[in-house]
$ cat upload-v3.csv   # CSV, C-alpha atoms and all ligand atoms
chain,number,residue,atom,x,y,z
Y,1050,MET,CA,118.0,-116.9,-54.7
Y,1051,ILE,CA,120.0,-118.7,-57.4
Y,1052,ILE,CA,123.0,-117.5,-59.4
Y,1053,VAL,CA,123.0,-118.6,-63.0
Y,1054,MET,CA,126.5,-118.9,-64.4
Y,1055,LYS,CA,127.2,-118.3,-68.1
Y,1056,PRO,CA,127.6,-121.3,-70.3
Y,1057,ASN,CA,131.1,-122.8,-69.9
Y,1058,ALA,CA,131.8,-120.7,-66.8
Y,1059,LYS,CA,135.3,-121.3,-65.4
Y,1060,VAL,CA,135.7,-123.4,-62.3
Y,1061,GLU,CA,137.5,-120.5,-60.6
Y,1062,SER,CA,134.6,-118.2,-61.2
Y,1063,ILE,CA,132.2,-120.7,-59.7
Y,1064,GLN,CA,134.4,-121.3,-56.7
Y,1065,ARG,CA,134.8,-117.5,-56.2
Y,1066,ILE,CA,131.0,-117.0,-56.0
Y,1067,LYS,CA,130.7,-120.0,-53.7
Y,1068,GLY,CA,133.4,-118.5,-51.5
Y,1069,ILE,CA,131.6,-115.1,-51.3
Y,1070,ILE,CA,128.3,-116.8,-50.4
Y,1071,GLU,CA,130.0,-118.9,-47.6
Y,1072,GLU,CA,132.0,-115.9,-46.3
Y,1073,ASN,CA,128.7,-114.2,-45.7
Y,1074,GLY,CA,127.4,-117.1,-43.6
Y,1075,LEU,CA,125.1,-118.7,-46.2
Y,1076,ASN,CA,125.2,-122.1,-47.9
Y,1077,ALA,CA,126.0,-122.6,-51.6
Y,1078,HIS,CA,124.6,-125.6,-53.5
Y,1079,ILE,CA,126.1,-126.2,-56.9
Y,1080,SER,CA,124.1,-127.8,-59.6
Y,1081,ASP,CA,126.2,-128.7,-62.6
Y,1082,GLY,CA,123.8,-128.9,-65.5
Y,1083,GLN,CA,124.6,-130.0,-69.1
Y,1084,GLU,CA,124.6,-126.4,-70.2
Y,1085,VAL,CA,124.9,-124.1,-67.3
Y,1086,THR,CA,125.9,-124.3,-63.6
Y,1087,ILE,CA,123.5,-122.9,-61.1
Y,1088,ILE,CA,124.5,-121.9,-57.6
Y,1089,GLY,CA,121.6,-122.0,-55.1
Y,1090,VAL,CA,121.9,-119.9,-52.0
Y,1091,VAL,CA,120.3,-121.2,-48.8
Y,1092,GLY,CA,120.1,-119.0,-45.7
Y,1093,ASP,CA,119.2,-115.4,-44.8
Y,1094,LYS,CA,119.8,-113.6,-48.1
Y,1095,ALA,CA,119.7,-110.3,-46.3
Y,1096,LYS,CA,123.3,-111.1,-45.4
Y,1097,LEU,CA,124.2,-110.7,-49.1
Y,1098,ILE,CA,122.5,-107.4,-49.5
Y,1099,ASP,CA,125.7,-105.4,-50.1
Y,1100,GLN,CA,127.0,-107.9,-52.7
Y,1101,ASN,CA,126.2,-107.3,-56.3
Y,1102,LEU,CA,127.0,-110.8,-57.6
Y,1103,GLU,CA,126.1,-109.9,-61.2
Y,1104,ILE,CA,129.4,-108.0,-61.6
Y,1105,TYR,CA,131.6,-111.0,-61.2
Y,1106,ASP,CA,133.2,-113.0,-64.0
Y,1107,ASP,CA,131.0,-115.6,-65.7
Y,1108,VAL,CA,127.9,-114.7,-63.8
Y,1109,ASP,CA,124.9,-114.5,-66.1
Y,1110,LYS,CA,122.1,-113.4,-63.7
Y,1111,VAL,CA,120.9,-113.5,-60.1
Y,1112,VAL,CA,117.3,-114.8,-59.8
Y,1113,PRO,CA,115.2,-114.6,-56.6
Y,1114,VAL,CA,113.5,-117.8,-55.4
Y,1115,THR,CA,110.3,-116.8,-53.8
Y,1116,GLU,CA,109.2,-120.3,-52.7
Y,1117,SER,CA,110.2,-121.3,-49.1
Y,1118,TYR,CA,111.6,-124.6,-50.3
Y,1119,LYS,CA,114.9,-124.2,-51.9
Y,1120,LEU,CA,116.8,-127.5,-52.2
Y,1121,ALA,CA,113.7,-129.3,-53.5
Y,1122,ASN,CA,113.1,-126.5,-55.9
Y,1123,LYS,CA,113.5,-127.0,-59.7
Y,1124,LYS,CA,115.1,-123.6,-59.9
Y,1125,PHE,CA,118.0,-124.9,-57.7
Y,1126,HIS,CA,118.4,-128.1,-59.6
Y,1127,PRO,CA,116.8,-127.9,-63.1
Y,1128,GLU,CA,117.5,-131.5,-64.1
Y,1129,PRO,CA,115.3,-134.3,-62.7
Y,1130,SER,CA,116.8,-136.1,-59.8
Y,1131,LYS,CA,117.4,-139.9,-59.8
Y,1132,VAL,CA,117.1,-141.8,-56.5
Y,1133,LYS,CA,118.7,-145.2,-56.1
Y,1134,VAL,CA,117.1,-147.8,-53.9
Y,1135,GLY,CA,119.4,-150.8,-53.9
Y,1136,ASP,CA,120.2,-151.3,-57.5
Y,1137,ILE,CA,116.9,-149.8,-58.7
Y,1138,THR,CA,116.9,-146.2,-59.9
Y,1139,ILE,CA,113.7,-144.1,-59.5
Y,1140,GLY,CA,113.4,-141.1,-61.9
Y,1141,ALA,CA,115.3,-142.6,-64.8
Y,1142,ASP,CA,114.0,-144.8,-67.7
Y,1143,THR,CA,112.2,-147.5,-65.7
Y,1144,LEU,CA,108.7,-147.2,-64.4
Y,1145,VAL,CA,109.4,-148.4,-60.9
Y,1146,ILE,CA,106.7,-150.6,-59.4
Y,1147,MET,CA,106.6,-151.0,-55.6
Y,1148,SER,CA,104.2,-153.7,-54.4
Y,1149,GLY,CA,103.4,-155.9,-51.4
Y,1150,PRO,CA,101.0,-156.2,-48.5
Y,1151,CYS,CA,99.7,-153.3,-46.5
Y,1152,ALA,CA,101.0,-155.0,-43.4
Y,1153,VAL,CA,103.5,-157.8,-42.9
Y,1154,GLU,CA,101.4,-160.5,-41.3
Y,1155,SER,CA,103.7,-163.5,-41.4
Y,1156,LYS,CA,106.8,-164.8,-43.0
Y,1157,GLU,CA,104.9,-167.0,-45.3
Y,1158,GLN,CA,102.5,-164.2,-46.4
Y,1159,LEU,CA,105.4,-161.9,-47.1
Y,1160,LEU,CA,107.6,-164.4,-49.0
Y,1161,ASP,CA,104.7,-165.6,-51.1
Y,1162,THR,CA,103.9,-162.0,-52.0
Y,1163,ALA,CA,107.6,-161.1,-52.7
Y,1164,HIS,CA,108.0,-164.0,-55.1
Y,1165,ALA,CA,104.7,-163.3,-56.9
Y,1166,ILE,CA,105.3,-159.6,-57.4
Y,1167,LYS,CA,108.8,-160.2,-58.6
Y,1168,LYS,CA,107.5,-162.7,-61.2
Y,1169,ALA,CA,105.0,-160.1,-62.4
Y,1170,GLY,CA,107.8,-157.5,-62.9
Y,1171,ALA,CA,107.7,-155.4,-59.7
Y,1172,HIS,CA,111.0,-153.8,-58.6
Y,1173,ILE,CA,110.6,-153.0,-54.9
Y,1174,LEU,CA,108.8,-154.9,-52.1
Y,1175,ARG,CA,106.7,-152.8,-49.7
Y,1176,GLY,CA,105.3,-154.0,-46.4
Y,1177,GLY,CA,104.3,-152.2,-43.2
Y,1178,ALA,CA,105.8,-153.3,-39.9
Y,1179,TYR,CA,104.7,-150.2,-38.0
Y,1180,LYS,CA,101.1,-149.4,-39.0
Y,1181,PRO,CA,99.6,-146.0,-38.3
Y,1182,ARG,CA,96.0,-147.2,-37.8
Y,1183,THR,CA,93.1,-144.9,-37.4
Y,1184,SER,CA,91.8,-147.0,-34.5
Y,1185,PRO,CA,94.2,-147.8,-31.6
Y,1186,TYR,CA,92.5,-151.2,-31.4
Y,1187,ALA,CA,93.4,-152.2,-34.9
Y,1188,PHE,CA,96.5,-154.3,-35.7
Y,1189,GLN,CA,99.6,-152.1,-35.2
Y,1190,GLY,CA,102.2,-154.1,-37.0
Y,1191,LEU,CA,104.8,-156.9,-36.2
Y,1192,GLU,CA,107.5,-154.2,-35.7
Y,1193,GLU,CA,111.0,-155.7,-35.7
Y,1194,GLU,CA,109.8,-159.2,-36.5
Y,1195,GLY,CA,108.1,-157.8,-39.6
Y,1196,LEU,CA,111.3,-156.0,-40.6
Y,1197,ALA,CA,113.3,-159.2,-40.3
Y,1198,TYR,CA,110.9,-160.9,-42.7
Y,1199,MET,CA,111.3,-158.0,-45.1
Y,1200,LYS,CA,115.1,-158.5,-45.0
Y,1201,GLU,CA,114.7,-162.2,-45.5
Y,1202,ALA,CA,112.4,-161.5,-48.5
Y,1203,ARG,CA,115.1,-159.2,-50.0
Y,1204,GLU,CA,117.7,-161.9,-49.5
Y,1205,GLU,CA,115.5,-164.5,-51.2
Y,1206,THR,CA,114.3,-162.4,-54.1
Y,1207,GLY,CA,116.9,-159.6,-54.5
Y,1208,LEU,CA,114.1,-157.0,-54.4
Y,1209,PRO,CA,115.0,-153.9,-52.3
Y,1210,VAL,CA,112.5,-153.3,-49.5
Y,1211,VAL,CA,110.6,-150.2,-48.3
Y,1212,CYS,CA,109.0,-149.9,-44.9
Y,1213,GLU,CA,107.2,-147.1,-43.1
Y,1214,VAL,CA,108.6,-145.7,-39.9
Y,1215,THR,CA,106.4,-143.9,-37.4
Y,1216,SER,CA,108.8,-143.0,-34.5
Y,1217,LEU,CA,112.4,-142.4,-33.7
Y,1218,ASP,CA,112.7,-145.9,-32.2
Y,1219,ALA,CA,111.3,-147.4,-35.4
Y,1220,ILE,CA,113.9,-145.5,-37.5
Y,1221,GLU,CA,116.7,-146.8,-35.3
Y,1222,VAL,CA,115.5,-150.4,-35.8
Y,1223,ALA,CA,114.5,-150.1,-39.5
Y,1224,VAL,CA,117.8,-148.8,-40.8
Y,1225,LYS,CA,119.3,-152.3,-40.0
Y,1226,TYR,CA,116.8,-154.0,-42.2
Y,1227,VAL,CA,115.4,-151.9,-45.1
Y,1228,ASP,CA,116.7,-150.1,-48.2
Y,1229,MET,CA,114.2,-147.2,-48.1
Y,1230,LEU,CA,112.2,-145.5,-45.3
Y,1231,GLN,CA,108.6,-144.5,-45.9
Y,1232,ILE,CA,107.0,-141.5,-44.2
Y,1233,GLY,CA,103.3,-142.1,-44.2
Y,1234,ALA,CA,100.6,-139.5,-45.0
Y,1235,ARG,CA,99.8,-139.0,-41.3
Y,1236,ASN,CA,103.4,-138.1,-40.5
Y,1237,MET,CA,104.1,-135.8,-43.5
Y,1238,GLN,CA,104.4,-132.8,-41.2
Y,1239,ASN,CA,106.1,-134.6,-38.3
Y,1240,PHE,CA,109.1,-132.3,-38.7
Y,1241,TYR,CA,111.1,-134.1,-36.0
Y,1242,LEU,CA,110.7,-137.4,-37.8
Y,1243,LEU,CA,111.5,-135.8,-41.2
Y,1244,LYS,CA,114.8,-134.5,-39.8
Y,1245,GLU,CA,115.7,-137.9,-38.4
Y,1246,VAL,CA,115.0,-139.8,-41.6
Y,1247,GLY,CA,117.1,-137.1,-43.3
Y,1248,LYS,CA,120.0,-137.9,-41.0
Y,1249,THR,CA,120.0,-141.6,-41.9
Y,1250,GLY,CA,121.0,-140.9,-45.5
Y,1251,LEU,CA,118.7,-143.7,-46.7
Y,1252,PRO,CA,116.3,-143.0,-49.6
Y,1253,VAL,CA,113.0,-141.7,-48.3
Y,1254,LEU,CA,109.5,-142.2,-49.8
Y,1255,LEU,CA,107.5,-139.2,-48.6
Y,1256,LYS,CA,103.8,-139.6,-48.9
Y,1257,ARG,CA,101.6,-136.6,-49.3
Y,1258,GLY,CA,99.6,-135.7,-46.1
Y,1259,LEU,CA,95.9,-136.3,-46.2
Y,1260,SER,CA,95.1,-132.5,-46.4
Y,1261,ALA,CA,98.5,-131.2,-47.4
Y,1262,THR,CA,99.0,-128.7,-50.2
Y,1263,ILE,CA,101.7,-129.3,-52.7
Y,1264,ASP,CA,103.6,-126.4,-51.2
Y,1265,GLU,CA,103.5,-128.0,-47.7
Y,1266,TRP,CA,104.5,-131.3,-49.2
Y,1267,LEU,CA,107.6,-129.8,-50.9
Y,1268,ASN,CA,108.5,-128.0,-47.7
Y,1269,ALA,CA,108.3,-131.3,-45.9
Y,1270,SER,CA,110.7,-132.8,-48.4
Y,1271,GLU,CA,113.0,-129.8,-47.8
Y,1272,TYR,CA,113.3,-130.8,-44.1
Y,1273,ILE,CA,114.8,-134.1,-45.3
Y,1274,ILE,CA,117.1,-132.7,-47.9
Y,1275,ALA,CA,118.3,-129.9,-45.5
Y,1276,GLU,CA,119.8,-132.7,-43.4
Y,1277,GLY,CA,122.1,-133.6,-46.3
Y,1278,ASN,CA,119.9,-136.3,-47.7
Y,1279,PRO,CA,118.8,-135.5,-51.3
Y,1280,ASN,CA,117.3,-139.0,-51.8
Y,1281,VAL,CA,113.6,-138.2,-51.6
Y,1282,VAL,CA,110.8,-139.7,-53.7
Y,1283,LEU,CA,107.4,-138.1,-53.4
Y,1284,CYS,CA,104.2,-140.3,-53.4
Y,1285,GLU,CA,100.8,-138.9,-54.2
Y,1286,ARG,CA,98.3,-141.2,-52.4
Y,1287,GLY,CA,95.0,-139.2,-52.6
Y,1288,ILE,CA,93.8,-136.3,-50.6
Y,1289,ARG,CA,90.7,-135.6,-48.5
Y,1290,THR,CA,87.8,-134.0,-50.4
Y,1291,PHE,CA,84.0,-133.9,-50.0
Y,1292,GLU,CA,83.8,-137.1,-52.2
Y,1293,THR,CA,83.1,-140.3,-50.3
Y,1294,ALA,CA,82.8,-142.8,-53.2
Y,1295,THR,CA,86.5,-143.4,-53.0
Y,1296,ARG,CA,88.6,-143.4,-49.8
Y,1297,ASN,CA,90.5,-140.3,-50.9
Y,1298,THR,CA,90.6,-138.4,-54.2
Y,1299,LEU,CA,93.6,-139.0,-56.3
Y,1300,ASP,CA,95.1,-135.7,-57.3
Y,1301,ILE,CA,96.5,-136.8,-60.6
Y,1302,SER,CA,97.5,-133.2,-61.4
Y,1303,ALA,CA,100.1,-133.4,-58.6
Y,1304,VAL,CA,102.4,-135.1,-61.1
Y,1305,PRO,CA,102.7,-132.3,-63.6
Y,1306,VAL,CA,102.6,-129.7,-60.9
Y,1307,ILE,CA,105.4,-131.4,-59.0
Y,1308,LYS,CA,107.4,-131.8,-62.2
Y,1309,SER,CA,107.1,-128.1,-62.9
Y,1310,LYS,CA,108.1,-127.0,-59.3
Y,1311,SER,CA,110.6,-129.7,-58.2
Y,1312,HIS,CA,113.3,-132.0,-59.5
Y,1313,LEU,CA,112.2,-134.8,-57.2
Y,1314,PRO,CA,110.8,-138.1,-58.6
Y,1315,ILE,CA,107.1,-138.7,-57.9
Y,1316,ILE,CA,105.1,-141.9,-57.8
Y,1317,ILE,CA,101.4,-142.6,-57.5
Y,1318,ASP,CA,99.7,-144.9,-55.0
Y,1319,PRO,CA,96.3,-145.7,-56.4
Y,1320,SER,CA,95.5,-148.3,-53.7
Y,1321,HIS,CA,95.3,-145.8,-50.8
Y,1322,ALA,CA,94.0,-143.1,-53.1
Y,1323,THR,CA,90.8,-145.1,-53.9
Y,1324,GLY,CA,90.5,-147.8,-51.3
Y,1325,VAL,CA,88.8,-149.9,-54.0
Y,1326,ARG,CA,90.5,-152.7,-55.8
Y,1327,ASP,CA,88.5,-152.2,-59.0
Y,1328,TYR,CA,89.8,-148.7,-59.6
Y,1329,VAL,CA,93.4,-149.5,-59.2
Y,1330,LYS,CA,94.1,-150.5,-62.8
Y,1331,SER,CA,92.6,-147.5,-64.5
Y,1332,LEU,CA,94.3,-145.0,-62.1
Y,1333,SER,CA,97.6,-146.9,-62.6
Y,1334,LEU,CA,97.3,-146.4,-66.3
Y,1335,ALA,CA,96.4,-142.7,-65.7
Y,1336,ALA,CA,99.5,-142.3,-63.5
Y,1337,VAL,CA,101.8,-143.6,-66.3
Y,1338,ALA,CA,100.1,-141.4,-68.9
Y,1339,VAL,CA,100.6,-138.3,-66.8
Y,1340,GLY,CA,104.3,-139.0,-66.4
Y,1341,ALA,CA,104.7,-140.5,-62.9
Y,1342,ASP,CA,108.0,-142.2,-62.2
Y,1343,GLY,CA,106.4,-145.2,-60.6
Y,1344,LEU,CA,103.6,-146.8,-58.7
Y,1345,MET,CA,102.9,-148.3,-55.3
Y,1346,ILE,CA,100.3,-151.0,-55.3
Y,1347,GLU,CA,99.1,-153.2,-52.5
Y,1348,THR,CA,98.9,-156.9,-53.1
Y,1349,HIS,CA,98.0,-159.8,-50.8
Y,1350,PRO,CA,97.9,-163.7,-51.2
Y,1351,ASP,CA,94.2,-163.6,-50.1
Y,1352,PRO,CA,92.9,-160.0,-49.9
Y,1353,SER,CA,89.6,-161.2,-48.3
Y,1354,ARG,CA,91.7,-162.3,-45.3
Y,1355,ALA,CA,94.1,-159.4,-45.1
Y,1356,TRP,CA,94.6,-157.8,-41.7
Y,1357,SER,CA,94.4,-154.3,-43.2
Y,1358,ASP,CA,93.4,-152.7,-46.5
Y,1359,GLY,CA,92.1,-155.9,-48.0
Y,1360,PRO,CA,89.4,-154.1,-50.1
Y,1361,GLN,CA,92.1,-152.2,-52.0
Y,1362,SER,CA,94.6,-155.0,-52.3
Y,1363,LEU,CA,95.1,-156.9,-55.6
Y,1364,THR,CA,95.4,-160.7,-55.9
Y,1365,PHE,CA,98.6,-161.9,-57.5
Y,1366,ASN,CA,96.7,-162.7,-60.8
Y,1367,GLN,CA,95.2,-159.2,-60.8
Y,1368,PHE,CA,98.6,-157.7,-60.2
Y,1369,GLU,CA,100.1,-159.7,-63.0
Y,1370,ASP,CA,97.3,-158.5,-65.4
Y,1371,LEU,CA,98.0,-155.0,-64.3
Y,1372,THR,CA,101.7,-155.0,-65.1
Y,1373,LYS,CA,101.0,-156.6,-68.5
Y,1374,ASP,CA,98.6,-153.8,-69.3
Y,1375,LEU,CA,101.0,-151.1,-68.1
Y,1376,ALA,CA,104.0,-152.2,-70.1
Y,1377,PRO,CA,102.9,-150.9,-73.6
Y,1378,LEU,CA,101.8,-147.6,-72.1
Y,1379,ALA,CA,105.0,-147.3,-70.2
Y,1380,ASN,CA,106.9,-147.9,-73.4
Y,1381,LEU,CA,104.9,-145.2,-75.2
Y,1382,MET,CA,105.9,-142.8,-72.4
Y,1383,GLY,CA,109.6,-143.7,-73.0
Y,1384,LYS,CA,109.9,-145.9,-70.0
Y,1385,LYS,CA,110.5,-149.6,-69.5
Y,1386,LEU,CA,108.8,-151.8,-67.0
Y,1401,LIG,C1,100.8,-147.3,-46.3
Y,1401,LIG,O1,101.4,-147.1,-47.4
Y,1401,LIG,O2,100.9,-148.4,-45.7
Y,1401,LIG,C2,100.0,-146.3,-45.7
Y,1401,LIG,C3,99.6,-146.4,-44.5
Y,1401,LIG,O3,99.7,-145.3,-46.6
Y,1401,LIG,P1,99.3,-143.8,-46.3
Y,1401,LIG,O4,100.3,-143.2,-45.3
Y,1401,LIG,O5,99.4,-143.1,-47.6
Y,1401,LIG,O6,97.9,-143.8,-45.7
Y,1402,MN,MN,97.6,-149.9,-46.6
$ encode --input "upload-v3.csv" --output "structure tokens"
Amino acid sequence: MIIVMKPNAKVESIQRIKGIIEENGLNAHISDGQEVTIIGVVGDKAKLIDQNLEIYDDVDKVVPVTESYKLANKKFHPEPSKVKVGDITIGADTLVIMSGPCAVESKEQLLDTAHAIKKAGAHILRGGAYKPRTSPYAFQGLEEEGLAYMKEAREETGLPVVCEVTSLDAIEVAVKYVDMLQIGARNMQNFYLLKEVGKTGLPVLLKRGLSATIDEWLNASEYIIAEGNPNVVLCERGIRTFETATRNTLDISAVPVIKSKSHLPIIIDPSHATGVRDYVKSLSLAAVAVGADGLMIETHPDPSRAWSDGPQSLTFNQFEDLTKDLAPLANLMGKKL
């Protein structure tokens, strides 16, 4: 449940309610909005059964929160959250573009890509060093060597870097090299991994599971936030449907649905959603129009020779064309690129 305080509620009144909640063995999360303060209660609310909190000074009303996710819930935190990755802020006035290769293949490939995407206006470099491949015989990633190239690319270009982690060992290594950890679609409900990335305190890009409902996805984000790490960005990357013309089906409605249920920023990944390079631009434009906070787009110096996801990767020229076409629409939506 949440306790909505009256406008301009006194600090003592807020602290008093917080104290009652904590004395009863629950956690209180205070969200100071521009107009009102909201106190979110996490824990077994049966413990508060004897307390009528509405009788206390400056309390406006007590509202039940029926969803099982609380800290990710918009009712707990009505204002949109902003997540900082290096000096880039996601969820503010910039349409944040993450781009880079599916997999880090070599130092040269990564540095070339980092320079090219930066020139085209991207804000964050992506690159996989631990690849969760469908086949165990496919390239699994350069692991720590790949992370070291990511760090080098950050030092050369100033772009913050994001990398997927697939195990506890990978988290331990990756925290030394990257600015943001990615949880891939296949691990969205790996609750142990979610808790561990939560403990790092680093910003987390949480991709939607291949067959996950929005409710399951928000509960996955709750696992991270419940560890004391509110820096979660959601990424819609297509879901499994009966349609086979595209690799997945981009659920564009996820953006307004998430915005109505949660305060977390959400970006769209049209590359994994479609698996087809030719569809990336139109869906990127759609993502901006629907109000996404950013995009993740795969790029490669020579997609025909990419070790993974070549068919959906853009060349540098195609990526530059894309950012040029996105800029006016982003401006129209009140965002800069
Ligand atoms: C990726 O971003 O490299 C990736 C594997 O994506 P997903 O987890 O969405 O399939
Ligand atoms: Mn990929």
$ residues_near_ligand --input "upload-v3.csv" --ligand "ligand LIG 1401 (chain Y)" --cutoff "9 Å" --atoms "all atoms listed in the file" --output "PyMOL selection string"
chain Y and resi 1150-1152+1175-1177+1179-1182+1212-1213+1231-1237+1255-1259+1284-1287+1318+1320-1322+1345-1347+1358
$ residues_near_point --input "upload-v3.csv" --point "(112.0, -133.0, -58.7)" --cutoff "10 Å" --atoms "only C-alpha atoms" --output "list in words"
Leu1120, Ala1121, Asn1122, Lys1123, Lys1124, His1126, Pro1127, Glu1128, Pro1129, Ser1130, Lys1131, Gly1140, Leu1267, Val1281, Val1282, Leu1283, Ile1307, Lys1308, Ser1309, Lys1310, Ser1311, His1312, Leu1313, Pro1314 and Ile1315 of chain Y
$ write_last_selection --input "upload-v3.csv" --atoms "C-alpha atoms" --output "PDB file, in the frame of the given file"
ATOM      1  CA  LEU Y1120     116.800-127.500 -52.200  1.00  0.00           C
ATOM      2  CA  ALA Y1121     113.700-129.300 -53.500  1.00  0.00           C
ATOM      3  CA  ASN Y1122     113.100-126.500 -55.900  1.00  0.00           C
ATOM      4  CA  LYS Y1123     113.500-127.000 -59.700  1.00  0.00           C
ATOM      5  CA  LYS Y1124     115.100-123.600 -59.900  1.00  0.00           C
ATOM      6  CA  HIS Y1126     118.400-128.100 -59.600  1.00  0.00           C
ATOM      7  CA  PRO Y1127     116.800-127.900 -63.100  1.00  0.00           C
ATOM      8  CA  GLU Y1128     117.500-131.500 -64.100  1.00  0.00           C
ATOM      9  CA  PRO Y1129     115.300-134.300 -62.700  1.00  0.00           C
ATOM     10  CA  SER Y1130     116.800-136.100 -59.800  1.00  0.00           C
ATOM     11  CA  LYS Y1131     117.400-139.900 -59.800  1.00  0.00           C
ATOM     12  CA  GLY Y1140     113.400-141.100 -61.900  1.00  0.00           C
ATOM     13  CA  LEU Y1267     107.600-129.800 -50.900  1.00  0.00           C
ATOM     14  CA  VAL Y1281     113.600-138.200 -51.600  1.00  0.00           C
ATOM     15  CA  VAL Y1282     110.800-139.700 -53.700  1.00  0.00           C
ATOM     16  CA  LEU Y1283     107.400-138.100 -53.400  1.00  0.00           C
ATOM     17  CA  ILE Y1307     105.400-131.400 -59.000  1.00  0.00           C
ATOM     18  CA  LYS Y1308     107.400-131.800 -62.200  1.00  0.00           C
ATOM     19  CA  SER Y1309     107.100-128.100 -62.900  1.00  0.00           C
ATOM     20  CA  LYS Y1310     108.100-127.000 -59.300  1.00  0.00           C
ATOM     21  CA  SER Y1311     110.600-129.700 -58.200  1.00  0.00           C
ATOM     22  CA  HIS Y1312     113.300-132.000 -59.500  1.00  0.00           C
ATOM     23  CA  LEU Y1313     112.200-134.800 -57.200  1.00  0.00           C
ATOM     24  CA  PRO Y1314     110.800-138.100 -58.600  1.00  0.00           C
ATOM     25  CA  ILE Y1315     107.100-138.700 -57.900  1.00  0.00           C
TER      26      ILE Y1315
END
$ residues_near_point --input "upload-v3.csv" --point "(131.9, -120.8, -63.5)" --cutoff "12 Å" --atoms "all atoms listed in the file" --output "JSON, numbers by chain"
{"Y": [1052, 1053, 1054, 1055, 1056, 1057, 1058, 1059, 1060, 1061, 1062, 1063, 1064, 1065, 1066, 1067, 1079, 1080, 1081, 1082, 1084, 1085, 1086, 1087, 1088, 1105, 1106, 1107, 1108, 1109]}
$ closest_residue --input "upload-v3.csv" --among "Y:Ala1178, Y:Asn1268, Y:Leu1160, Y:Asp1218" --to "ligand MN 1402 (chain Y)" --atoms "only C-alpha atoms and all ligand atoms"
Y:Ala1178
$ closest_residue --input "upload-v3.csv" --among "Y:Leu1363, Y:Leu1334, Y:Met1199, Y:Val1224" --to "ligand MN 1402 (chain Y)" --atoms "all atoms listed in the file"
Y:Leu1363
$ closest_residue --input "upload-v3.csv" --among "Y:Val1339, Y:Ile1220, Y:Ile1288, Y:Val1325" --to "ligand MN 1402 (chain Y)" --atoms "only C-alpha atoms and all ligand atoms"
Y:Val1325
$ atom_distance --input "upload-v3.csv" --atom1 "atom CA of Y:Lys1156" --atom2 "atom CA of Y:Glu1201"
8.7 Å
$ closest_residue --input "upload-v3.csv" --among "Y:Val1246, Y:Ala1275, Y:Ala1077, Y:Tyr1328" --to "Y:Thr1298" --atoms "only C-alpha atoms"
Y:Tyr1328
$ closest_residue --input "upload-v3.csv" --among "Y:Ala1197, Y:Val1153, Y:Leu1243, Y:Ile1301" --to "ligand MN 1402 (chain Y)" --atoms "all atoms listed in the file"
Y:Val1153
$ atom_distance --input "upload-v3.csv" --atom1 "atom CA of Y:Gly1250" --atom2 "atom CA of Y:Ser1148"
22.9 Å
$ residues_around --input "upload-v3.csv" --residues "Y:Glu1221" --least-positions-apart "5" --cutoff "10 Å" --atoms "only C-alpha atoms" --output "PyMOL selection string"
chain Y and resi 1214+1216+1226+1245-1246+1249
$ atom_distance --input "upload-v3.csv" --atom1 "atom CA of Y:Tyr1198" --atom2 "atom CA of Y:Phe1368"
21.6 Å
$ closest_residue --input "upload-v3.csv" --among "Y:His1172, Y:Leu1242, Y:Ile1274, Y:Thr1206" --to "Y:Ile1139" --atoms "only C-alpha atoms"
Y:His1172
$ axis_aligned_box --input "upload-v3.csv" --around "stretch 1117-1122 of chain Y" --padding-each-side "8 Å" --output "lines of an AutoDock Vina configuration file"
center_x = 113.5
center_y = -125.3
center_z = -52.5
size_x = 22.6
size_y = 24.0
size_z = 22.8
